[in-house]
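Participant: One file: structure_31.pdb (PDB, C-alpha atoms and all ligand atoms).
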ATOM      1  CA  MET A   1     166.577 158.644 119.661
ATOM      2  CA  ILE A   2     166.679 159.399 123.411
ATOM      3  CA  ASP A   3     170.216 159.395 124.794
ATOM      4  CA  ASP A   4     170.434 157.254 127.962
ATOM      5  CA  ARG A   5     174.137 157.830 128.613
ATOM      6  CA  PRO A   6     174.814 158.953 132.221
ATOM      7  CA  VAL A   7     176.643 162.027 130.915
ATOM      8  CA  SER A   8     173.545 163.131 129.047
ATOM      9  CA  LEU A   9     171.369 162.521 132.148
ATOM     10  CA  LEU A  10     173.834 164.627 134.174
ATOM     11  CA  GLY A  11     173.656 167.433 131.612
ATOM     12  CA  LEU A  12     169.867 167.514 131.849
ATOM     13  CA  ALA A  13     169.950 167.360 135.664
ATOM     14  CA  LEU A  14     172.367 170.320 135.746
ATOM     15  CA  GLU A  15     170.143 172.416 133.459
ATOM     16  CA  VAL A  16     166.994 171.658 135.428
ATOM     17  CA  ALA A  17     168.698 172.132 138.821
ATOM     18  CA  SER A  18     169.895 175.552 137.696
ATOM     19  CA  GLU A  19     166.327 176.605 136.815
ATOM     20  CA  ALA A  20     165.072 175.193 140.115
ATOM     21  CA  ALA A  21     167.801 177.011 142.054
ATOM     22  CA  THR A  22     166.771 180.296 140.417
ATOM     23  CA  LEU A  23     163.175 179.780 141.519
ATOM     24  CA  ILE A  24     164.252 178.886 145.067
ATOM     25  CA  ARG A  25     166.629 181.870 145.275
ATOM     26  CA  SER A  26     163.962 184.306 144.109
ATOM     27  CA  SER A  27     161.494 182.958 146.696
ATOM     28  CA  VAL A  28     163.648 183.047 149.848
ATOM     29  CA  ALA A  29     162.798 186.605 150.803
ATOM     30  CA  ARG A  30     159.049 186.239 150.232
ATOM     31  CA  THR A  31     156.989 186.797 153.350
ATOM     32  CA  ASP A  32     153.662 185.690 151.852
ATOM     33  CA  LEU A  33     154.434 181.999 151.326
ATOM     34  CA  THR A  34     151.815 179.367 152.049
ATOM     35  CA  ILE A  35     153.400 177.048 154.612
ATOM     36  CA  THR A  36     151.717 173.894 155.893
ATOM     37  CA  SER A  37     152.864 170.842 157.843
ATOM     38  CA  LYS A  38     153.073 167.197 156.780
ATOM     39  CA  SER A  39     153.773 164.261 159.137
ATOM     40  CA  ASN A  40     153.573 166.508 162.226
ATOM     41  CA  ALA A  41     153.872 170.184 163.202
ATOM     42  CA  THR A  42     157.697 170.142 162.874
ATOM     43  CA  ASP A  43     157.621 168.816 159.289
ATOM     44  CA  LEU A  44     157.006 171.857 157.059
ATOM     45  CA  VAL A  45     156.234 172.165 153.361
ATOM     46  CA  THR A  46     155.816 175.392 151.387
ATOM     47  CA  GLU A  47     154.215 176.277 148.092
ATOM     48  CA  ILE A  48     157.775 176.586 146.713
ATOM     49  CA  ASP A  49     158.528 172.907 147.501
ATOM     50  CA  HIS A  50     155.510 172.038 145.331
ATOM     51  CA  ALA A  51     156.339 174.600 142.637
ATOM     52  CA  VAL A  52     159.962 173.396 142.366
ATOM     53  CA  GLU A  53     158.874 169.755 142.162
ATOM     54  CA  ALA A  54     156.381 170.626 139.400
ATOM     55  CA  LEU A  55     159.093 172.555 137.526
ATOM     56  CA  VAL A  56     161.697 169.785 137.851
ATOM     57  CA  ALA A  57     159.296 166.947 137.002
ATOM     58  CA  GLY A  58     157.840 168.944 134.111
ATOM     59  CA  ARG A  59     161.244 169.717 132.571
ATOM     60  CA  LEU A  60     162.654 166.196 133.044
ATOM     61  CA  LEU A  61     159.610 164.444 131.628
ATOM     62  CA  GLU A  62     159.243 166.918 128.789
ATOM     63  CA  ALA A  63     162.786 166.021 127.726
ATOM     64  CA  ARG A  64     162.427 162.303 128.516
ATOM     65  CA  PRO A  65     158.750 161.298 128.505
ATOM     66  CA  ASP A  66     159.370 157.567 129.079
ATOM     67  CA  ASP A  67     161.295 157.920 132.351
ATOM     68  CA  GLY A  68     160.023 157.216 135.848
ATOM     69  CA  LEU A  69     160.201 159.727 138.681
ATOM     70  CA  LEU A  70     160.093 159.689 142.465
ATOM     71  CA  GLY A  71     159.582 163.130 144.006
ATOM     72  CA  GLU A  72     159.273 163.883 147.697
ATOM     73  CA  GLU A  73     156.132 165.951 147.278
ATOM     74  CA  GLY A  74     154.204 163.195 145.542
ATOM     75  CA  THR A  75     155.114 163.238 141.842
ATOM     76  CA  THR A  76     155.565 159.506 141.507
ATOM     77  CA  ARG A  77     155.491 157.952 138.081
ATOM     78  CA  THR A  78     156.382 154.519 136.786
ATOM     79  CA  GLY A  79     158.287 154.874 133.539
ATOM     80  CA  ARG A  80     158.769 152.735 130.480
ATOM     81  CA  SER A  81     162.519 153.355 130.156
ATOM     82  CA  ARG A  82     165.377 152.076 132.365
ATOM     83  CA  VAL A  83     165.792 155.574 133.856
ATOM     84  CA  ARG A  84     164.173 156.896 137.038
ATOM     85  CA  TRP A  85     164.710 160.364 138.497
ATOM     86  CA  VAL A  86     164.774 160.859 142.277
ATOM     87  CA  VAL A  87     164.019 164.432 143.296
ATOM     88  CA  ASP A  88     164.001 166.422 146.522
ATOM     89  CA  PRO A  89     162.750 169.840 145.363
ATOM     90  CA  ILE A  90     163.903 171.608 148.514
ATOM     91  CA  ASP A  91     166.067 169.616 150.884
ATOM     92  CA  GLY A  92     166.224 171.682 154.062
ATOM     93  CA  THR A  93     162.725 173.154 153.978
ATOM     94  CA  THR A  94     162.920 174.292 157.614
ATOM     95  CA  ASN A  95     166.084 176.243 156.771
ATOM     96  CA  PHE A  96     164.385 177.698 153.689
ATOM     97  CA  VAL A  97     161.449 178.891 155.817
ATOM     98  CA  TYR A  98     163.774 180.476 158.404
ATOM     99  CA  ARG A  99     166.258 181.757 155.793
ATOM    100  CA  VAL A 100     169.107 179.657 157.207
ATOM    101  CA  PRO A 101     171.225 179.275 154.048
ATOM    102  CA  TYR A 102     171.560 175.463 153.942
ATOM    103  CA  PHE A 103     168.884 174.299 151.512
ATOM    104  CA  ALA A 104     169.254 172.661 148.133
ATOM    105  CA  VAL A 105     167.551 171.086 145.169
ATOM    106  CA  SER A 106     168.642 167.479 144.723
ATOM    107  CA  ILE A 107     168.237 165.522 141.471
ATOM    108  CA  ALA A 108     169.529 161.997 140.869
ATOM    109  CA  ALA A 109     169.212 159.761 137.817
ATOM    110  CA  GLU A 110     169.070 155.996 138.223
ATOM    111  CA  ILE A 111     169.530 153.406 135.496
ATOM    112  CA  ASP A 112     167.984 150.062 136.446
ATOM    113  CA  GLY A 113     167.976 151.158 140.103
ATOM    114  CA  THR A 114     171.600 152.349 140.289
ATOM    115  CA  VAL A 115     172.275 156.066 140.706
ATOM    116  CA  VAL A 116     174.541 157.081 137.802
ATOM    117  CA  ALA A 117     174.332 160.878 137.984
ATOM    118  CA  GLY A 118     173.570 163.354 140.742
ATOM    119  CA  VAL A 119     173.286 167.116 141.178
ATOM    120  CA  VAL A 120     172.841 169.106 144.389
ATOM    121  CA  ALA A 121     172.506 172.870 143.874
ATOM    122  CA  ILE A 122     172.720 175.066 146.985
ATOM    123  CA  PRO A 123     171.450 178.496 145.850
ATOM    124  CA  SER A 124     172.492 180.556 148.899
ATOM    125  CA  LEU A 125     176.069 179.282 148.737
ATOM    126  CA  ALA A 126     176.189 179.548 144.925
ATOM    127  CA  GLU A 127     177.451 175.955 144.886
ATOM    128  CA  THR A 128     176.448 173.222 142.465
ATOM    129  CA  PHE A 129     177.806 169.763 143.226
ATOM    130  CA  GLU A 130     177.648 167.072 140.552
ATOM    131  CA  ALA A 131     178.870 163.529 140.062
ATOM    132  CA  LEU A 132     178.821 160.763 137.493
ATOM    133  CA  LEU A 133     179.206 157.141 138.542
ATOM    134  CA  GLY A 134     182.902 156.362 138.038
ATOM    135  CA  GLY A 135     183.577 159.950 136.940
ATOM    136  CA  GLY A 136     184.463 161.789 140.156
ATOM    137  CA  ALA A 137     182.680 164.673 141.876
ATOM    138  CA  ARG A 138     182.848 168.400 141.214
ATOM    139  CA  CYS A 139     181.665 171.631 142.818
ATOM    140  CA  ASN A 140     181.129 174.478 140.363
ATOM    141  CA  GLY A 141     183.158 172.483 137.854
ATOM    142  CA  GLU A 142     186.189 171.895 140.118
ATOM    143  CA  ALA A 143     187.065 168.401 141.373
ATOM    144  CA  VAL A 144     186.386 167.898 145.092
ATOM    145  CA  SER A 145     187.615 165.245 147.496
ATOM    146  CA  ALA A 146     186.793 164.053 150.997
ATOM    147  CA  SER A 147     189.027 165.028 153.928
ATOM    148  CA  SER A 148     192.013 163.053 155.214
ATOM    149  CA  GLU A 149     191.237 163.349 158.946
ATOM    150  CA  SER A 150     191.630 159.888 160.471
ATOM    151  CA  GLU A 151     191.202 160.465 164.218
ATOM    152  CA  PRO A 152     187.664 160.511 165.629
ATOM    153  CA  ALA A 153     188.844 162.809 168.431
ATOM    154  CA  THR A 154     189.648 165.542 165.909
ATOM    155  CA  ALA A 155     186.848 164.850 163.435
ATOM    156  CA  LEU A 156     184.023 167.256 162.629
ATOM    157  CA  VAL A 157     180.898 165.159 162.123
ATOM    158  CA  ALA A 158     177.556 166.220 160.661
ATOM    159  CA  THR A 159     174.260 164.602 161.520
ATOM    160  CA  GLY A 160     170.547 165.247 161.230
ATOM    161  CA  PHE A 161     167.336 164.472 163.070
ATOM    162  CA  SER A 162     164.090 162.892 161.942
ATOM    163  CA  TYR A 163     160.746 164.711 162.251
ATOM    164  CA  ASP A 164     159.476 161.823 164.383
ATOM    165  CA  ALA A 165     159.657 162.730 168.100
ATOM    166  CA  GLY A 166     160.518 159.202 169.281
ATOM    167  CA  ARG A 167     163.300 158.748 166.741
ATOM    168  CA  ARG A 168     164.567 162.233 167.577
ATOM    169  CA  ALA A 169     164.897 161.384 171.259
ATOM    170  CA  ALA A 170     166.966 158.280 170.371
ATOM    171  CA  GLN A 171     169.099 160.293 167.906
ATOM    172  CA  GLY A 172     169.750 162.877 170.636
ATOM    173  CA  GLN A 173     171.014 160.145 172.949
ATOM    174  CA  VAL A 174     173.455 158.873 170.321
ATOM    175  CA  VAL A 175     174.751 162.419 169.753
ATOM    176  CA  GLY A 176     175.042 162.897 173.529
ATOM    177  CA  ARG A 177     177.340 159.870 173.752
ATOM    178  CA  LEU A 178     179.301 160.706 170.596
ATOM    179  CA  LEU A 179     179.941 164.411 171.207
ATOM    180  CA  PRO A 180     182.533 164.045 174.000
ATOM    181  CA  GLN A 181     184.563 161.721 171.755
ATOM    182  CA  ILE A 182     184.856 163.885 168.603
ATOM    183  CA  ARG A 183     185.857 167.439 167.699
ATOM    184  CA  ASP A 184     182.260 168.636 167.312
ATOM    185  CA  ILE A 185     178.882 168.015 165.742
ATOM    186  CA  ARG A 186     177.242 170.019 162.950
ATOM    187  CA  ARG A 187     173.491 169.880 162.268
ATOM    188  CA  MET A 188     173.212 171.780 158.995
ATOM    189  CA  GLY A 189     169.563 170.853 158.358
ATOM    190  CA  ALA A 190     169.788 169.390 154.851
ATOM    191  CA  ALA A 191     171.019 165.847 154.239
ATOM    192  CA  SER A 192     172.102 166.622 150.678
ATOM    193  CA  VAL A 193     174.196 169.558 151.910
ATOM    194  CA  ASP A 194     175.717 167.314 154.608
ATOM    195  CA  LEU A 195     176.709 164.729 151.988
ATOM    196  CA  CYS A 196     178.207 167.421 149.734
ATOM    197  CA  SER A 197     180.038 168.780 152.776
ATOM    198  CA  VAL A 198     181.651 165.349 153.199
ATOM    199  CA  ALA A 199     182.452 165.404 149.475
ATOM    200  CA  CYS A 200     184.425 168.649 149.704
ATOM    201  CA  GLY A 201     186.004 168.008 153.120
ATOM    202  CA  ARG A 202     183.950 170.679 154.906
ATOM    203  CA  VAL A 203     183.129 167.968 157.437
ATOM    204  CA  ASP A 204     184.942 164.667 157.978
ATOM    205  CA  GLY A 205     181.865 162.465 158.202
ATOM    206  CA  TYR A 206     178.077 162.408 158.312
ATOM    207  CA  PHE A 207     175.493 159.999 159.657
ATOM    208  CA  GLU A 208     171.724 160.002 159.947
ATOM    209  CA  SER A 209     168.888 157.511 160.334
ATOM    210  CA  GLY A 210     165.341 157.865 159.048
ATOM    211  CA  LEU A 211     166.170 159.428 155.668
ATOM    212  CA  ARG A 212     164.279 158.707 152.448
ATOM    213  CA  PRO A 213     165.848 158.027 149.010
ATOM    214  CA  TRP A 214     165.323 161.615 147.753
ATOM    215  CA  ASP A 215     167.369 162.905 150.717
ATOM    216  CA  TRP A 216     170.487 160.905 149.838
ATOM    217  CA  ALA A 217     170.261 159.717 146.189
ATOM    218  CA  ALA A 218     172.302 162.515 144.573
ATOM    219  CA  GLY A 219     174.423 163.425 147.626
ATOM    220  CA  ALA A 220     175.496 159.832 148.308
ATOM    221  CA  LEU A 221     176.875 159.488 144.769
ATOM    222  CA  ILE A 222     178.629 162.868 145.081
ATOM    223  CA  ALA A 223     180.238 161.872 148.410
ATOM    224  CA  ALA A 224     181.246 158.428 147.097
ATOM    225  CA  GLU A 225     182.720 159.887 143.906
ATOM    226  CA  ALA A 226     184.681 162.344 146.061
ATOM    227  CA  GLY A 227     186.327 159.355 147.731
ATOM    228  CA  ALA A 228     184.133 158.916 150.824
ATOM    229  CA  VAL A 229     182.867 155.516 151.928
ATOM    230  CA  VAL A 230     179.053 155.647 151.828
ATOM    231  CA  THR A 231     177.040 152.872 153.497
ATOM    232  CA  ASP A 232     174.345 152.224 156.064
ATOM    233  CA  PHE A 233     175.475 151.720 159.689
ATOM    234  CA  THR A 234     176.516 148.094 159.089
ATOM    235  CA  GLY A 235     178.398 148.369 155.810
ATOM    236  CA  GLY A 236     175.438 147.733 153.466
ATOM    237  CA  ALA A 237     173.876 150.154 150.999
ATOM    238  CA  PRO A 238     172.450 153.451 152.361
ATOM    239  CA  SER A 239     168.843 152.977 153.493
ATOM    240  CA  PRO A 240     166.209 154.553 155.741
ATOM    241  CA  ALA A 241     167.851 152.625 158.609
ATOM    242  CA  GLY A 242     171.060 154.594 158.176
ATOM    243  CA  VAL A 243     173.262 156.658 155.914
ATOM    244  CA  LEU A 244     176.936 156.986 156.828
ATOM    245  CA  ALA A 245     179.413 158.902 154.651
ATOM    246  CA  VAL A 246     182.973 159.212 155.901
ATOM    247  CA  ASN A 247     186.444 159.669 154.444
ATOM    248  CA  PRO A 248     188.124 156.250 154.075
ATOM    249  CA  GLY A 249     190.739 156.781 156.808
ATOM    250  CA  LEU A 250     188.084 157.564 159.417
ATOM    251  CA  TYR A 251     185.262 155.299 158.225
ATOM    252  CA  ARG A 252     185.889 152.191 160.310
ATOM    253  CA  SER A 253     186.634 153.974 163.578
ATOM    254  CA  LEU A 254     183.649 156.326 163.259
ATOM    255  CA  ARG A 255     181.357 153.421 162.393
ATOM    256  CA  ASP A 256     182.597 151.461 165.436
ATOM    257  CA  LEU A 257     182.172 154.528 167.629
ATOM    258  CA  LEU A 258     178.615 155.033 166.401
ATOM    259  CA  ASP A 259     177.938 151.388 167.117
ATOM    260  CA  THR A 260     179.074 151.825 170.715
ATOM    261  CA  CYS A 261     177.094 155.060 171.070
ATOM    262  CA  SER A 262     173.928 153.403 169.747
ATOM    263  CA  ALA A 263     174.059 150.367 172.055
TER     264      ALA A 263
HETATM  265  C1  LIG B 301     165.178 166.849 155.824
HETATM  266  C2  LIG B 301     166.582 167.401 155.856
HETATM  267  C3  LIG B 301     167.157 167.257 157.248
HETATM  268  C4  LIG B 301     167.156 165.837 157.734
HETATM  269  C5  LIG B 301     165.742 165.279 157.664
HETATM  270  C6  LIG B 301     165.198 165.410 156.245
HETATM  271  P1  LIG B 301     163.474 168.037 154.100
HETATM  272  O1  LIG B 301     164.634 166.945 154.508
HETATM  273  O2  LIG B 301     167.405 166.723 154.939
HETATM  274  O3  LIG B 301     168.512 167.681 157.311
HETATM  275  O4  LIG B 301     167.629 165.793 159.038
HETATM  276  O5  LIG B 301     165.832 163.929 158.042
HETATM  277  O6  LIG B 301     163.889 164.896 156.201
HETATM  278  O7  LIG B 301     162.236 167.632 154.853
HETATM  279  O8  LIG B 301     163.965 169.384 154.484
HETATM  280  O9  LIG B 301     163.382 167.800 152.635
HETATM  281 CA    CA B 302     164.896 166.105 152.250
HETATM  282 CA    CA B 303     162.211 168.260 150.784
END
What do you get writing this file as structure tokens?
Ligand code: IPD
Ligand code: CA
Ligand code: CA
Facilitator:
Amino acid sequence: MIDDRPVSLLGLALEVASEAATLIRSSVARTDLTITSKSNATDLVTEIDHAVEALVAGRLLEARPDDGLLGEEGTTRTGRSRVRWVVDPIDGTTNFVYRVPYFAVSIAAEIDGTVVAGVVAIPSLAETFEALLGGGARCNGEAVSASSESEPATALVATGFSYDAGRRAAQGQVVGRLLPQIRDIRRMGAASVDLCSVACGRVDGYFESGLRPWDWAAGALIAAEAGAVVTDFTGGAPSPAGVLAVNPGLYRSLRDLLDTCSA
């Protein structure tokens, strides 16, 4: 019988993410990659994004043929079980193309729509983050926790920008207003890496609008299980309108500040 326990889903996600990370790592230095664009010229996709998605979907569905799957590069499948996998084969494709080391494979498992297990493997940093709902978050097997910084003025805050030019312009304005009021901004270029960075206290908070579920599904669970508060910009569940992940002592003041900067 197929084992639907979150711990078994996490085990499978870890195995598959490790294989995917090996493929990504071995492809970084290739100079012959086929690279095309998607929504516009800034939004890149490579043959490795497709190859990793095929590998991940193939392995997951081979092990669990009744599950559903939502993959960024189009592998969408309605399942017959309560489990759905949400996969970003390479989060941070622009970084991957330019060999900036912040790119990751992100795999989340949902049961009845709730993410119960998540893995983000960052091959260039040799870091694998994982979390189980209610079971804490780990990096390379060691427990991680969000930072304790509580003052916006001394907080390091990560963000990201959409591929859409209009949304980008608005996001730039928010950052322009926020920057003088915090320690600094980081734009790592991979939402999953940003969320894991909140999880291990490498940044104090992260916000972005315009994301899709595969960008945040695994990372949001990892950040939340590491003790961060993870919401949209108004305190609801993360959504394309906004994802905000901040340590608990800073959450309210950063959210209020973002509100002021967005007005
Ligand atoms: C992108 C990255 C980036 C974020 C964008 C995402 P992709 O994902 O996570 O950091 O700012 O909003 O679309 O396209 O590299 O998978
Ligand atoms: Ca992504
Ligand atoms: Ca991607």
Participant: The PyMOL selection byres (((chain A and resi 144) around 12) and not hetatm) - which residues does that actually catch in the file I just gave you? List them as a VMD selection string.
Facilitator: chain A and resid 128 to 131 135 to 143 145 to 147 196 to 202 222 to 228
Participant: With the file shown as input, list the residues that the PyMOL selection byres (((not hetatm)) within 7 of (chain B and resi 303)) selects, as a list of chain:residue names.
Facilitator: A:Asp49, A:Glu72, A:Asp88, A:Pro89, A:Ile90, A:Asp91, A:Gly92, A:Thr93
Participant: Let me see if you get this right: every residue at most 10 Å from ligand LIG 301 (chain B), counting all atoms listed in the file, written as number ranges by chain.
Facilitator: A: 38, 42-45, 49, 72-73, 87-97, 102-106, 158-164, 168, 187-195, 207-212, 214-216, 240
Participant: Compare A:Asp204, A:Asp112, A:Glu47, A:Asp4 by their minimum atom-to-atom distance to A:Ile24, counting all atoms listed in the file, and give me the closest one.
Facilitator: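 For A:Ile24, the nearest of the given residues is A:Glu47.
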Participant: Env of A:Pro6: 8 Å cut, atoms = all atoms listed in the file, seq-sep filter 2 positions within chain, self excluded. Answer as a CSV table (one decimal) with C-alpha atoms, keeping the file's coordinate frame.
Facilitator:
chain,number,residue,atom,x,y,z
A,4,ASP,CA,170.4,157.3,128.0
A,8,SER,CA,173.5,163.1,129.0
A,9,LEU,CA,171.4,162.5,132.1
A,10,LEU,CA,173.8,164.6,134.2
A,109,ALA,CA,169.2,159.8,137.8
A,116,VAL,CA,174.5,157.1,137.8
A,117,ALA,CA,174.3,160.9,138.0
A,132,LEU,CA,178.8,160.8,137.5
A,133,LEU,CA,179.2,157.1,138.5
Participant: Rounded to one decimal in Å, what is the spacing between atom CA of A:Ser239 and atom CA of A:Leu70?
Facilitator: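 So the answer is 15.6 Å.
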Participant: For this structure, which residues satisfy the selection - the PyMOL selection byres (((chain A and resi 156) around 6) and not hetatm) - when it is evaluated on the file as given? I want them as a PDB file with C-alpha atoms, in the frame of the given file.
Facilitator:
ATOM      1  CA  ALA A 155     186.848 164.850 163.435  1.00  0.00           C
ATOM      2  CA  VAL A 157     180.898 165.159 162.123  1.00  0.00           C
ATOM      3  CA  ARG A 183     185.857 167.439 167.699  1.00  0.00           C
ATOM      4  CA  ASP A 184     182.260 168.636 167.312  1.00  0.00           C
ATOM      5  CA  VAL A 203     183.129 167.968 157.437  1.00  0.00           C
ATOM      6  CA  ASP A 204     184.942 164.667 157.978  1.00  0.00           C
TER       7      ASP A 204
END
